[in-house]
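The data block below is my_file.cif; it holds mmCIF, C-alpha atoms and all ligand atoms.
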```cif
data_coords
#
loop_
_atom_site.label_atom_id
_atom_site.label_comp_id
_atom_site.auth_asym_id
_atom_site.auth_seq_id
_atom_site.Cartn_x
_atom_site.Cartn_y
_atom_site.Cartn_z
CA MET A 1010 0.00 0.00 0.00
CA ASN A 1011 1.50 3.39 -0.87
CA GLY A 1012 1.54 6.40 1.46
CA ASP A 1013 -1.52 8.21 0.05
CA VAL A 1014 -3.66 5.06 -0.01
CA THR A 1015 -2.62 4.26 3.56
CA ARG A 1016 -3.41 7.80 4.73
CA ASP A 1017 -6.82 7.71 3.01
CA HIS A 1018 -7.57 4.34 4.64
CA TYR A 1019 -6.80 5.65 8.15
CA ASP A 1020 -8.44 9.03 7.55
CA ARG A 1021 -11.63 7.10 6.70
CA LEU A 1022 -11.28 4.72 9.64
CA ALA A 1023 -10.28 7.31 12.26
CA ALA A 1024 -13.71 8.09 13.72
CA THR A 1025 -14.56 4.40 14.26
CA TYR A 1026 -11.07 3.00 14.94
CA ASP A 1027 -11.45 2.76 18.71
CA GLU A 1028 -14.85 1.06 18.43
CA ASN A 1029 -13.08 -1.95 16.93
CA TRP A 1030 -11.01 -2.38 20.06
CA ALA A 1031 -13.00 -0.56 22.72
CA PHE A 1032 -15.11 -3.69 23.23
CA SER A 1033 -12.03 -5.26 24.75
CA PRO A 1034 -10.47 -3.14 27.46
CA ASP A 1035 -8.89 -6.44 28.57
CA PHE A 1036 -6.90 -6.61 25.33
CA ILE A 1037 -5.80 -2.97 25.60
CA GLY A 1038 -4.78 -3.53 29.24
CA TRP A 1039 -2.88 -6.71 28.38
CA MET A 1040 -1.09 -5.08 25.45
CA THR A 1041 -0.27 -1.94 27.45
CA GLY A 1042 1.28 -4.20 30.11
CA CYS A 1043 3.37 -6.04 27.47
CA ILE A 1044 4.63 -2.69 26.16
CA LEU A 1045 5.37 -1.18 29.58
CA GLN A 1046 7.19 -4.29 30.75
CA ARG A 1047 9.55 -4.09 27.75
CA LEU A 1048 10.02 -0.32 27.52
CA GLN A 1049 10.68 -0.04 31.29
CA ILE A 1050 9.35 3.53 31.38
CA THR A 1051 9.92 5.63 34.48
CA SER A 1052 8.36 8.94 35.44
CA ASP A 1053 11.24 11.08 34.08
CA ASP A 1054 11.26 9.36 30.71
CA LEU A 1055 10.42 10.96 27.39
CA ALA A 1056 8.59 8.55 25.11
CA ALA A 1057 7.58 8.70 21.45
CA ASP A 1058 4.80 6.62 19.87
CA ILE A 1059 5.40 6.57 16.11
CA GLY A 1060 2.33 5.58 14.09
CA CYS A 1061 0.35 6.08 17.30
CA GLY A 1062 -3.02 6.18 15.54
CA THR A 1063 -5.67 7.37 17.99
CA GLY A 1064 -3.25 7.01 20.91
CA LEU A 1065 -4.78 3.80 22.28
CA TYR A 1066 -1.41 2.88 23.80
CA ALA A 1067 0.11 6.37 24.14
CA ARG A 1068 -2.58 7.03 26.75
CA GLY A 1069 -1.24 4.18 28.91
CA LEU A 1070 2.38 5.22 28.35
CA ALA A 1071 1.56 8.79 29.43
CA GLN A 1072 0.50 7.53 32.86
CA HIS A 1073 4.09 6.40 33.47
CA ALA A 1074 6.25 8.84 31.46
CA ALA A 1075 7.08 12.55 31.72
CA ALA A 1076 5.61 13.07 28.24
CA VAL A 1077 4.66 11.06 25.16
CA THR A 1078 5.13 12.50 21.68
CA CYS A 1079 2.45 10.99 19.46
CA VAL A 1080 3.39 10.91 15.78
CA ASP A 1081 1.18 9.76 12.91
CA ALA A 1082 0.94 10.34 9.16
CA SER A 1083 -2.87 10.66 9.40
CA ALA A 1084 -4.10 13.94 10.89
CA ALA A 1085 -7.58 12.38 11.30
CA MET A 1086 -6.20 9.56 13.48
CA LEU A 1087 -4.17 12.06 15.54
CA ALA A 1088 -7.27 14.20 16.03
CA GLN A 1089 -8.67 11.32 18.15
CA VAL A 1090 -5.74 11.47 20.61
CA PRO A 1091 -7.20 12.91 23.80
CA ALA A 1092 -5.93 16.34 24.79
CA GLY A 1093 -3.55 16.13 27.71
CA GLU A 1094 -0.48 18.01 28.71
CA ARG A 1095 1.61 14.84 28.61
CA LEU A 1096 0.47 13.89 25.09
CA ILE A 1097 2.07 15.98 22.33
CA THR A 1098 0.88 15.35 18.76
CA VAL A 1099 3.00 15.68 15.61
CA THR A 1100 1.66 14.96 12.11
CA ALA A 1101 4.51 13.29 10.24
CA SER A 1102 5.50 10.02 8.67
CA ALA A 1103 8.10 7.71 10.18
CA GLU A 1104 10.11 8.24 6.99
CA ASP A 1105 10.09 12.04 7.52
CA LEU A 1106 11.33 11.67 11.08
CA ALA A 1107 14.00 9.15 10.13
CA ALA A 1108 15.29 11.37 7.34
CA GLY A 1109 15.31 14.45 9.60
CA ARG A 1110 12.74 16.27 7.44
CA VAL A 1111 10.55 16.74 10.52
CA ALA A 1112 11.98 17.37 13.99
CA LEU A 1113 10.37 16.14 17.20
CA PRO A 1114 9.86 18.49 20.17
CA HIS A 1115 12.65 16.74 22.12
CA GLU A 1116 16.08 15.93 20.77
CA ARG A 1117 16.41 12.47 22.38
CA TYR A 1118 13.98 9.88 23.77
CA ASP A 1119 14.24 7.17 26.43
CA ALA A 1120 11.59 5.00 24.82
CA MET A 1121 10.10 4.69 21.38
CA LEU A 1122 7.10 2.57 20.37
CA LEU A 1123 6.25 1.55 16.80
CA LYS A 1124 3.13 -0.58 17.05
CA GLU A 1125 1.64 -2.05 13.89
CA VAL A 1126 3.03 0.65 11.64
CA LEU A 1127 6.20 -0.75 10.05
CA HIS A 1128 4.26 -2.91 7.58
CA HIS A 1129 3.25 0.40 5.97
CA VAL A 1130 6.89 1.44 5.52
CA ASP A 1131 8.78 0.34 2.38
CA ASP A 1132 12.37 0.74 3.58
CA ARG A 1133 12.10 -0.47 7.15
CA ALA A 1134 15.86 -0.80 7.74
CA GLU A 1135 16.37 2.81 6.67
CA VAL A 1136 13.60 4.03 8.99
CA ILE A 1137 14.95 2.03 11.93
CA SER A 1138 18.49 3.31 11.41
CA GLY A 1139 17.18 6.88 10.94
CA LEU A 1140 15.18 6.73 14.20
CA THR A 1141 17.96 5.14 16.26
CA PRO A 1142 19.93 8.40 16.76
CA LEU A 1143 16.82 9.84 18.42
CA LEU A 1144 17.35 7.40 21.32
CA ARG A 1145 19.36 8.36 24.37
CA PRO A 1146 22.15 5.99 25.45
CA GLY A 1147 20.32 3.03 27.00
CA GLY A 1148 17.12 4.08 25.17
CA ARG A 1149 14.66 1.40 24.05
CA MET A 1150 12.87 1.00 20.71
CA LEU A 1151 9.94 -1.45 20.71
CA VAL A 1152 8.34 -2.68 17.49
CA VAL A 1153 5.05 -4.52 18.03
CA MET A 1154 3.73 -6.33 14.98
CA LEU A 1155 1.83 -9.37 13.76
CA PRO A 1156 3.83 -12.42 12.72
CA THR A 1157 3.82 -13.46 9.05
CA ARG A 1158 1.09 -16.03 9.73
CA ILE A 1159 -2.03 -15.20 11.71
CA SER A 1160 -4.93 -17.33 12.88
CA TYR A 1161 -7.53 -14.58 12.48
CA PRO A 1162 -10.92 -15.86 11.30
CA LEU A 1163 -10.62 -14.08 7.93
CA PHE A 1164 -11.38 -15.49 4.48
CA ALA A 1165 -8.70 -17.47 2.64
CA ASP A 1166 -7.74 -14.76 0.11
CA ALA A 1167 -7.25 -12.20 2.88
CA LEU A 1168 -5.05 -14.58 4.90
CA LYS A 1169 -3.01 -15.38 1.81
CA LEU A 1170 -2.49 -11.70 0.97
CA PHE A 1171 -1.55 -11.02 4.58
CA SER A 1172 1.21 -13.66 4.51
CA GLN A 1173 2.56 -12.27 1.23
CA ARG A 1174 2.75 -8.73 2.55
CA GLN A 1175 3.63 -8.97 6.22
CA PRO A 1176 7.30 -8.35 7.03
CA ASP A 1177 9.09 -10.96 9.15
CA PRO A 1178 9.75 -9.79 12.73
CA ALA A 1179 13.14 -11.55 12.54
CA GLY A 1180 14.04 -9.12 9.73
CA ILE A 1181 13.12 -6.19 11.98
CA ALA A 1182 15.45 -7.55 14.68
CA GLU A 1183 18.21 -7.81 12.04
CA ALA A 1184 17.56 -4.21 10.97
CA MET A 1185 17.86 -3.10 14.60
CA ARG A 1186 21.18 -4.91 14.93
CA GLY A 1187 22.32 -3.25 11.70
CA ALA A 1188 21.47 0.11 13.30
CA GLY A 1189 23.66 -0.73 16.31
CA LEU A 1190 20.93 -1.78 18.74
CA ARG A 1191 20.90 -4.93 20.86
CA ALA A 1192 17.77 -6.73 19.68
CA GLU A 1193 15.52 -9.37 21.20
CA LEU A 1194 12.41 -10.96 19.65
CA THR A 1195 9.61 -12.45 21.75
CA TYR A 1196 6.01 -13.51 21.07
CA GLU A 1197 2.92 -13.35 23.26
CA SER A 1198 -0.69 -14.41 22.69
CA PHE A 1199 -4.05 -13.20 23.91
CA PRO A 1200 -7.32 -15.17 23.65
CA MET A 1201 -9.90 -13.21 21.63
CA ILE A 1202 -13.62 -13.78 21.54
CA PHE A 1203 -16.12 -11.82 19.45
CA GLU A 1204 -19.81 -12.08 18.78
CA THR A 1205 -19.81 -13.35 15.21
CA GLU A 1206 -21.98 -10.50 13.89
CA ARG A 1207 -19.71 -7.93 15.48
CA TYR A 1208 -16.58 -9.45 13.96
CA LEU A 1209 -18.24 -9.59 10.55
CA GLN A 1210 -19.13 -5.91 10.88
CA MET A 1211 -15.49 -5.11 11.72
CA VAL A 1212 -14.44 -6.95 8.55
CA ARG A 1213 -17.10 -5.00 6.61
CA ASN A 1214 -15.63 -1.78 8.11
CA ARG A 1215 -12.21 -2.94 6.80
CA TYR A 1216 -10.79 -2.79 10.33
CA MET A 1217 -7.48 -4.08 8.99
CA SER A 1218 -5.85 -2.00 6.22
CA LEU A 1219 -5.32 -5.27 4.34
CA LEU A 1220 -9.08 -5.44 3.74
CA SER A 1221 -8.90 -2.25 1.67
CA SER A 1222 -7.38 -4.38 -1.08
CA PHE A 1223 -10.77 -6.07 -1.61
CA ASP A 1224 -13.70 -4.35 -3.30
CA ASP A 1225 -17.20 -4.46 -1.79
CA ALA A 1226 -18.27 -7.57 -3.73
CA GLN A 1227 -15.10 -9.47 -2.81
CA LEU A 1228 -15.52 -8.43 0.81
CA GLU A 1229 -19.14 -9.63 0.94
CA ALA A 1230 -18.08 -12.97 -0.60
CA GLY A 1231 -15.33 -13.14 2.04
CA ILE A 1232 -17.81 -12.38 4.82
CA ALA A 1233 -20.09 -15.18 3.57
CA GLU A 1234 -17.07 -17.51 3.65
CA ILE A 1235 -16.28 -16.52 7.27
CA ARG A 1236 -19.92 -17.03 8.22
CA ARG A 1237 -19.93 -20.54 6.72
CA ALA A 1238 -16.78 -21.41 8.67
CA HIS A 1239 -18.19 -19.92 11.91
CA PRO A 1240 -21.91 -20.68 12.12
CA GLY A 1241 -22.02 -20.15 15.91
CA GLU A 1242 -22.80 -16.98 17.84
CA THR A 1243 -19.17 -16.31 18.78
CA ILE A 1244 -15.78 -16.54 17.12
CA ALA A 1245 -12.74 -17.33 19.27
CA PHE A 1246 -9.10 -17.26 18.23
CA SER A 1247 -5.67 -16.53 19.59
CA ASP A 1248 -4.05 -13.18 18.73
CA THR A 1249 -0.27 -13.60 18.66
CA LEU A 1250 1.96 -10.54 18.49
CA ALA A 1251 5.70 -10.20 17.96
CA PHE A 1252 7.65 -7.83 20.20
CA VAL A 1253 11.03 -6.71 18.87
CA LEU A 1254 12.95 -4.77 21.49
CA GLY A 1255 16.05 -2.83 20.53
CA THR A 1256 18.29 -1.26 23.16
CA ALA A 1257 20.87 1.44 22.47
CA ALA A 1258 24.36 1.01 23.95
C1 LIG A 1301 -2.77 -0.24 12.48
S1 LIG A 1301 -2.71 1.46 12.93
C2 LIG A 1301 -1.89 1.32 14.51
C3 LIG A 1301 -2.16 2.49 15.39
C4 LIG A 1301 -1.62 2.34 16.82
N1 LIG A 1301 -0.18 2.17 16.83
C5 LIG A 1301 -2.32 1.19 17.52
O1 LIG A 1301 -1.68 0.14 17.69
O2 LIG A 1301 -3.49 1.35 17.86
C6 LIG A 1301 -1.40 2.12 11.90
C7 LIG A 1301 -1.16 3.61 12.09
O3 LIG A 1301 0.06 3.94 11.41
C8 LIG A 1301 -0.14 5.16 10.70
N2 LIG A 1301 0.83 5.15 9.59
C9 LIG A 1301 0.78 4.45 8.45
N3 LIG A 1301 1.89 4.66 7.71
C10 LIG A 1301 2.66 5.52 8.43
C11 LIG A 1301 3.95 6.08 8.23
N4 LIG A 1301 4.64 5.81 7.13
N5 LIG A 1301 4.43 6.92 9.17
C12 LIG A 1301 3.70 7.20 10.31
N6 LIG A 1301 2.49 6.69 10.54
C13 LIG A 1301 1.98 5.85 9.63
C14 LIG A 1301 -1.58 5.14 10.27
O4 LIG A 1301 -2.07 6.43 9.99
C15 LIG A 1301 -2.25 4.48 11.49
O5 LIG A 1301 -2.65 5.44 12.42
#
```

Take the structure from the file and write it as structure tokens.
Amino acid sequence: MNGDVTRDHYDRLAATYDENWAFSPDFIGWMTGCILQRLQITSDDLAADIGCGTGLYARGLAQHAAAVTCVDASAAMLAQVPAGERLITVTASAEDLAAGRVALPHERYDAMLLKEVLHHVDDRAEVISGLTPLLRPGGRMLVVMLPTRISYPLFADALKLFSQRQPDPAGIAEAMRGAGLRAELTYESFPMIFETERYLQMVRNRYMSLLSSFDDAQLEAGIAEIRRAHPGETIAFSDTLAFVLGTAA
């Protein structure tokens, strides 16, 4: 997906983005805990959340940090970040930051989060090496992303396209090492359960950017396929996420 298409997708999704996840404060709480445990944020720390979206996780980080700079390429997503003196918003792409075309309000950061954004970036190694100098000595960069194979209850063509497009977390760890960071890759899973109708509506809303690659007719055919595979009232699956933690010397 190129930059303009990605921005259009998130601009369209912005107003309803949190509804997709708000049903599950348990998931948000679990994920926030996974992030905090790895980033080891303390109350003096400056954090940056790059590709922060609506700030679902920046809000949790801000409860532990001195300030969180929230960066996103979509102004509509950023407009959903709640106002708060410890949340500073910057409209910019990760590429612009990495290349120094846009400066952040602080020169160096103790912690940097990139959650489910790097699959939108073409040259991930260049972005990682461009962001690394923004870390203080001992600073942590955490990339949270899906693995190359997911067990989401999507239709077969969507799962296939996902596997073709999704970058390998091991490659992100390599890119961090290439940028001079010490890198560690771990995986964690969370049990998900949705009412079937609600999940189908999320698919219809194209809650994953991947689903924007399918037109309305293809999506409806895909939804019928999901419904055939899941005739019950609920859909349960395991959501596994990769956590790639890079630490500066
Ligand atoms: C899947 S959402 C994740 C949002 C948030 N990190 C979360 O986990 O809720 C991806 C976000 O990345 C943003 N994005 C996409 N490409 C970007 C880029 N090249 N630079 C910065 N942000 C980007 C989108 O606008 C969107 O808000």

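Between CA of Ala1167 in chain A and CA of Ile1044 in chain A there is a distance of 27.8 Å.
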
Please put the answer as AutoDock Vina command-line options: centre and edge lengths, in Å with one decimal, of a box along x, y and z that encloses all listed atoms of ligand LIG 1301 (chain A) plus 4 Å on each side.
```
--center_x 0.6 --center_y 3.5 --center_z 12.5 --size_x 16.1 --size_y 15.4 --size_z 18.7
```

Which residues sit within 8 Å of ligand LIG 1301 (chain A), counting only C-alpha atoms and all ligand atoms, listed as a CSV table (one decimal) with C-alpha atoms, in the coordinates of the input?
```csv
chain,number,residue,atom,x,y,z
A,1012,GLY,CA,1.5,6.4,1.5
A,1015,THR,CA,-2.6,4.3,3.6
A,1016,ARG,CA,-3.4,7.8,4.7
A,1018,HIS,CA,-7.6,4.3,4.6
A,1019,TYR,CA,-6.8,5.6,8.2
A,1020,ASP,CA,-8.4,9.0,7.6
A,1023,ALA,CA,-10.3,7.3,12.3
A,1058,ASP,CA,4.8,6.6,19.9
A,1059,ILE,CA,5.4,6.6,16.1
A,1060,GLY,CA,2.3,5.6,14.1
A,1061,CYS,CA,0.4,6.1,17.3
A,1062,GLY,CA,-3.0,6.2,15.5
A,1063,THR,CA,-5.7,7.4,18.0
A,1064,GLY,CA,-3.2,7.0,20.9
A,1065,LEU,CA,-4.8,3.8,22.3
A,1066,TYR,CA,-1.4,2.9,23.8
A,1080,VAL,CA,3.4,10.9,15.8
A,1081,ASP,CA,1.2,9.8,12.9
A,1082,ALA,CA,0.9,10.3,9.2
A,1083,SER,CA,-2.9,10.7,9.4
A,1084,ALA,CA,-4.1,13.9,10.9
A,1086,MET,CA,-6.2,9.6,13.5
A,1087,LEU,CA,-4.2,12.1,15.5
A,1101,ALA,CA,4.5,13.3,10.2
A,1102,SER,CA,5.5,10.0,8.7
A,1103,ALA,CA,8.1,7.7,10.2
A,1104,GLU,CA,10.1,8.2,7.0
A,1105,ASP,CA,10.1,12.0,7.5
A,1123,LEU,CA,6.2,1.6,16.8
A,1124,LYS,CA,3.1,-0.6,17.0
A,1125,GLU,CA,1.6,-2.0,13.9
A,1126,VAL,CA,3.0,0.6,11.6
A,1127,LEU,CA,6.2,-0.8,10.0
A,1128,HIS,CA,4.3,-2.9,7.6
A,1129,HIS,CA,3.2,0.4,6.0
A,1130,VAL,CA,6.9,1.4,5.5
A,1217,MET,CA,-7.5,-4.1,9.0
A,1218,SER,CA,-5.8,-2.0,6.2
```

task: Determine the nearest neighbour of Pro1114 in chain A from the options A:Ala1056, A:Gly1069, A:Ala1245, A:Leu1170, counting only C-alpha atoms.
output: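 Ranked by minimum distance to Pro1114 in chain A, first place goes to A:Ala1056.
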
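Ranking A:Phe1203, A:Glu1116, A:Ala1067, A:Leu1106 by their shortest atom-to-atom distance to Gly1093 in chain A, with all atoms listed in the file included, puts A:Ala1067 first.
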
field: Option closest in space to Leu1209 in chain A, from A:Ile1235, A:Val1077, A:Ala1182, A:Val1153 [counting only C-alpha atoms]
entry: A:Ile1235

message: I'd like the contact shell of range 1071-1073 of chain A - 12 Å cut-off, only C-alpha atoms, skipping same-chain residues fewer than 6 positions apart - returned as a PyMOL selection string.
response: chain A and resi 1041-1042+1044-1046+1048-1058+1064-1065+1079+1090-1097+1120
